[in-house]
Amino acid sequence: MPKEDEFKPIENMLAHANPNPNREGCPSPAELEELALMRRDASDPLYVHVSHCSPCYSAIRELQRHRGVSPLGASKRVWTWWAAAAALLCVIAGAVWYAMQTRSKAVAPIVAQSNVKLPSTILDLRPFATVRSEESSNGSTPLAMSRRRQNVVLVLPVASAEGEYALKLLDSNLAPQMTSTPVAKLADGVTSISTELDLTRISAGRYTLALKREPEDWRYFPLQVR
């Protein structure tokens with residue numbers, strides 16, 4: 001038989017783990033009293049019900065406290081049921097926790113791998129003068145990007161400042177087809193923006209890449225989407 005300290009964890013679990021709010025299959029008050037006073041045979045199926053019903057178990061313990069009856073006097077068979085019920089609850093809780101942990105660990109690498117596998121595109125804006133139309137400057141070939149989801153590195157013109165920029169992809173009517181607010185960083189004397197762009201829904205054609213950092217004016221660069 002368990003000692004009083006060993007009984008507390010089992011009692012706490014039996015008293016709270018099986019709410020049974022509709023009180024399905026619960027015995028009558030008279031039957032609960034007989035169970036509390038251990039007047040029923042250990043083979044009585046009501047003991048099994050009590051091991052799976054926290055309200056009934058709590059009611060029995062309350063009756064025992066009023067009558068000065070210790071649950072430690074229960075038969076070995078009754079104790080086996082109660083301990084088995086508590087152990088089963090522990091196993092279920094442990095299985096749920098393990099499943100959640102396994103799922104979270106399995107998902108994280110998938111997210112990371114999806115970012116790593118994205119193709120990369122580098123757009124060097126330094127050779128281009130600021131323009132306000134689709135026409136390229138000095139006959140320079142327009143920038144080019146493919147219609148796909150990709151990591152894009154924009155190498156900004158010389159002397160461009162760090163900080164947040166407004167980025168727009170404008171169509172031939174200068175209507176924005178895509179907007180974002182990436183952050184530019186300075187490293188080794190070069191200011192650049194690294195961002196992810198999804199062009200899968202953009203039609204192929206000529207566009208204008210517009211950039212602006214407050215309080216400066218918009219700067220425009222010709223772009224061909226293929």
# chains A, B, ... in the order shown; residues from 1 in each chain; ligands from 1
$ residues_around --residues "Val155 in chain A" --least-positions-apart "3" --cutoff "9 Å" --atoms "only C-alpha atoms" --output "JSON, numbers by chain"
{"A": [122, 123, 124, 125, 126, 158, 190, 191, 192, 193, 194]}
$ write_last_selection --atoms "C-alpha atoms" --output "PDB file, in the first residue's frame"
ATOM      1  CA  ILE A 122      21.328  40.444 -58.127  1.00  0.00           C
ATOM      2  CA  LEU A 123      20.270  43.762 -59.643  1.00  0.00           C
ATOM      3  CA  ASP A 124      23.062  46.345 -59.824  1.00  0.00           C
ATOM      4  CA  LEU A 125      21.471  49.795 -59.998  1.00  0.00           C
ATOM      5  CA  ARG A 126      24.766  51.691 -60.009  1.00  0.00           C
ATOM      6  CA  VAL A 158      26.706  55.202 -54.972  1.00  0.00           C
ATOM      7  CA  VAL A 190      28.211  49.303 -50.734  1.00  0.00           C
ATOM      8  CA  THR A 191      24.582  49.955 -49.837  1.00  0.00           C
ATOM      9  CA  SER A 192      22.232  47.154 -50.786  1.00  0.00           C
ATOM     10  CA  ILE A 193      18.742  45.793 -50.179  1.00  0.00           C
ATOM     11  CA  SER A 194      18.078  42.097 -49.703  1.00  0.00           C
TER      12      SER A 194
END
$ closest_atom_pairs --of "range 32-68 of chain A" --to "range 21-28 of chain A" --cutoff "12 Å" --atoms "only C-alpha atoms" --output "tab-separated table"
residue	atom	partner	partner_atom	distance
A:Leu32	CA	A:Ser28	CA	6.2
A:Glu33	CA	A:Ser28	CA	8.7
A:Glu34	CA	A:Ser28	CA	10.0
A:Leu35	CA	A:Pro27	CA	9.7
A:Ala36	CA	A:Pro27	CA	11.9
A:Asp44	CA	A:Pro27	CA	11.7
A:Pro45	CA	A:Pro27	CA	10.5
A:Leu46	CA	A:Pro27	CA	7.3
A:Tyr47	CA	A:Pro27	CA	10.1
A:Val48	CA	A:Cys26	CA	11.0
A:His49	CA	A:Cys26	CA	7.4
A:Val50	CA	A:Cys26	CA	8.2
A:Ser51	CA	A:Cys26	CA	11.4
A:His52	CA	A:Cys26	CA	10.3
A:Cys53	CA	A:Cys26	CA	8.0
A:Ser54	CA	A:Pro21	CA	9.5
A:Pro55	CA	A:Arg23	CA	7.8
A:Cys56	CA	A:Cys26	CA	6.9
A:Tyr57	CA	A:Cys26	CA	10.3
A:Ala59	CA	A:Pro27	CA	10.9
A:Ile60	CA	A:Pro27	CA	11.0
$ write_last_selection --atoms "N, CA and C atoms" --output "compact mmCIF listing (two decimals), in the first residue's frame"
# COMPACT_ATOMS: atom_id res chain seq x y z
N LEU A 32 -22.51 6.42 -3.53
CA LEU A 32 -21.23 7.09 -3.30
C LEU A 32 -20.82 6.97 -1.84
N GLU A 33 -21.79 7.09 -0.94
CA GLU A 33 -21.48 6.96 0.49
C GLU A 33 -20.98 5.57 0.82
N GLU A 34 -21.60 4.53 0.22
CA GLU A 34 -21.15 3.16 0.46
C GLU A 34 -19.74 2.95 -0.08
N LEU A 35 -19.46 3.58 -1.23
CA LEU A 35 -18.10 3.47 -1.77
C LEU A 35 -17.10 4.19 -0.87
N ALA A 36 -17.49 5.37 -0.38
CA ALA A 36 -16.59 6.14 0.47
C ALA A 36 -16.27 5.40 1.76
N ASP A 44 -16.83 -4.40 -7.17
CA ASP A 44 -17.95 -3.58 -7.63
C ASP A 44 -17.50 -2.68 -8.79
N PRO A 45 -18.20 -2.71 -9.93
CA PRO A 45 -17.80 -1.90 -11.09
C PRO A 45 -17.87 -0.40 -10.83
N LEU A 46 -18.57 0.03 -9.78
CA LEU A 46 -18.63 1.46 -9.49
C LEU A 46 -17.26 2.02 -9.13
N TYR A 47 -16.39 1.17 -8.59
CA TYR A 47 -15.03 1.64 -8.30
C TYR A 47 -14.29 2.00 -9.60
N VAL A 48 -14.58 1.25 -10.66
CA VAL A 48 -13.97 1.56 -11.95
C VAL A 48 -14.48 2.90 -12.45
N HIS A 49 -15.79 3.14 -12.29
CA HIS A 49 -16.36 4.42 -12.71
C HIS A 49 -15.69 5.57 -11.96
N VAL A 50 -15.52 5.40 -10.64
CA VAL A 50 -14.92 6.47 -9.84
C VAL A 50 -13.51 6.80 -10.32
N SER A 51 -12.78 5.78 -10.78
CA SER A 51 -11.41 6.02 -11.24
C SER A 51 -11.37 6.79 -12.55
N HIS A 52 -12.53 6.92 -13.22
CA HIS A 52 -12.61 7.67 -14.48
C HIS A 52 -13.54 8.86 -14.39
N CYS A 53 -13.92 9.27 -13.18
CA CYS A 53 -14.85 10.38 -13.01
C CYS A 53 -14.39 11.25 -11.85
N SER A 54 -13.82 12.40 -12.16
CA SER A 54 -13.29 13.28 -11.12
C SER A 54 -14.36 13.79 -10.16
N PRO A 55 -15.59 14.16 -10.62
CA PRO A 55 -16.61 14.61 -9.66
C PRO A 55 -16.97 13.54 -8.64
N CYS A 56 -17.12 12.29 -9.10
CA CYS A 56 -17.44 11.20 -8.16
C CYS A 56 -16.30 10.95 -7.19
N TYR A 57 -15.08 10.98 -7.71
CA TYR A 57 -13.94 10.76 -6.83
C TYR A 57 -13.85 11.87 -5.78
N ALA A 59 -16.30 13.68 -4.68
CA ALA A 59 -17.41 13.52 -3.73
C ALA A 59 -17.10 12.45 -2.69
N ILE A 60 -16.49 11.35 -3.13
CA ILE A 60 -16.11 10.29 -2.20
C ILE A 60 -15.07 10.78 -1.20
$ residues_around --residues "range 185-188 of chain A" --least-positions-apart "4" --cutoff "10 Å" --atoms "only C-alpha atoms" --output "VMD selection string"
chain A and resid 156 159 to 164 192 to 194
$ write_last_selection --atoms "N, CA and C atoms" --output "PDB file, in the first residue's frame"
ATOM      1  N   LEU A 156      22.403  49.397 -54.546  1.00  0.00           N
ATOM      2  CA  LEU A 156      21.925  50.755 -54.761  1.00  0.00           C
ATOM      3  C   LEU A 156      23.017  51.662 -55.338  1.00  0.00           C
ATOM      4  N   ALA A 159      26.538  56.314 -52.828  1.00  0.00           N
ATOM      5  CA  ALA A 159      26.132  57.311 -51.836  1.00  0.00           C
ATOM      6  C   ALA A 159      24.697  57.137 -51.355  1.00  0.00           C
ATOM      7  N   SER A 160      24.059  56.011 -51.682  1.00  0.00           N
ATOM      8  CA  SER A 160      22.717  55.759 -51.156  1.00  0.00           C
ATOM      9  C   SER A 160      22.803  55.497 -49.658  1.00  0.00           C
ATOM     10  N   ALA A 161      21.846  56.017 -48.925  1.00  0.00           N
ATOM     11  CA  ALA A 161      21.864  55.905 -47.466  1.00  0.00           C
ATOM     12  C   ALA A 161      21.207  54.604 -47.005  1.00  0.00           C
ATOM     13  N   GLU A 162      21.560  54.202 -45.794  1.00  0.00           N
ATOM     14  CA  GLU A 162      20.908  53.058 -45.179  1.00  0.00           C
ATOM     15  C   GLU A 162      19.502  53.456 -44.728  1.00  0.00           C
ATOM     16  N   GLY A 163      18.716  52.431 -44.358  1.00  0.00           N
ATOM     17  CA  GLY A 163      17.399  52.687 -43.805  1.00  0.00           C
ATOM     18  C   GLY A 163      16.280  52.063 -44.613  1.00  0.00           C
ATOM     19  N   GLU A 164      15.060  52.382 -44.220  1.00  0.00           N
ATOM     20  CA  GLU A 164      13.887  51.804 -44.882  1.00  0.00           C
ATOM     21  C   GLU A 164      13.577  52.530 -46.185  1.00  0.00           C
ATOM     22  N   SER A 192      23.043  48.104 -50.031  1.00  0.00           N
ATOM     23  CA  SER A 192      22.232  47.154 -50.786  1.00  0.00           C
ATOM     24  C   SER A 192      20.972  46.789 -50.003  1.00  0.00           C
ATOM     25  N   ILE A 193      20.009  46.274 -50.742  1.00  0.00           N
ATOM     26  CA  ILE A 193      18.742  45.793 -50.179  1.00  0.00           C
ATOM     27  C   ILE A 193      18.630  44.317 -50.500  1.00  0.00           C
ATOM     28  N   SER A 194      18.333  43.520 -49.492  1.00  0.00           N
ATOM     29  CA  SER A 194      18.078  42.097 -49.703  1.00  0.00           C
ATOM     30  C   SER A 194      16.628  41.824 -49.319  1.00  0.00           C
TER      31      SER A 194
END
$ residues_around --residues "Leu209 in chain A" --least-positions-apart "6" --cutoff "8 Å" --atoms "only C-alpha atoms" --output "list in words"
Leu167, Lys168, Leu169, Leu170, Tyr220, Phe221, Pro222 and Leu223 of chain A
$ closest_residue --among "A:Ile202, A:Leu174, A:Arg226, A:Ala166" --to "Glu214 in chain A" --atoms "only C-alpha atoms"
A:Ala166
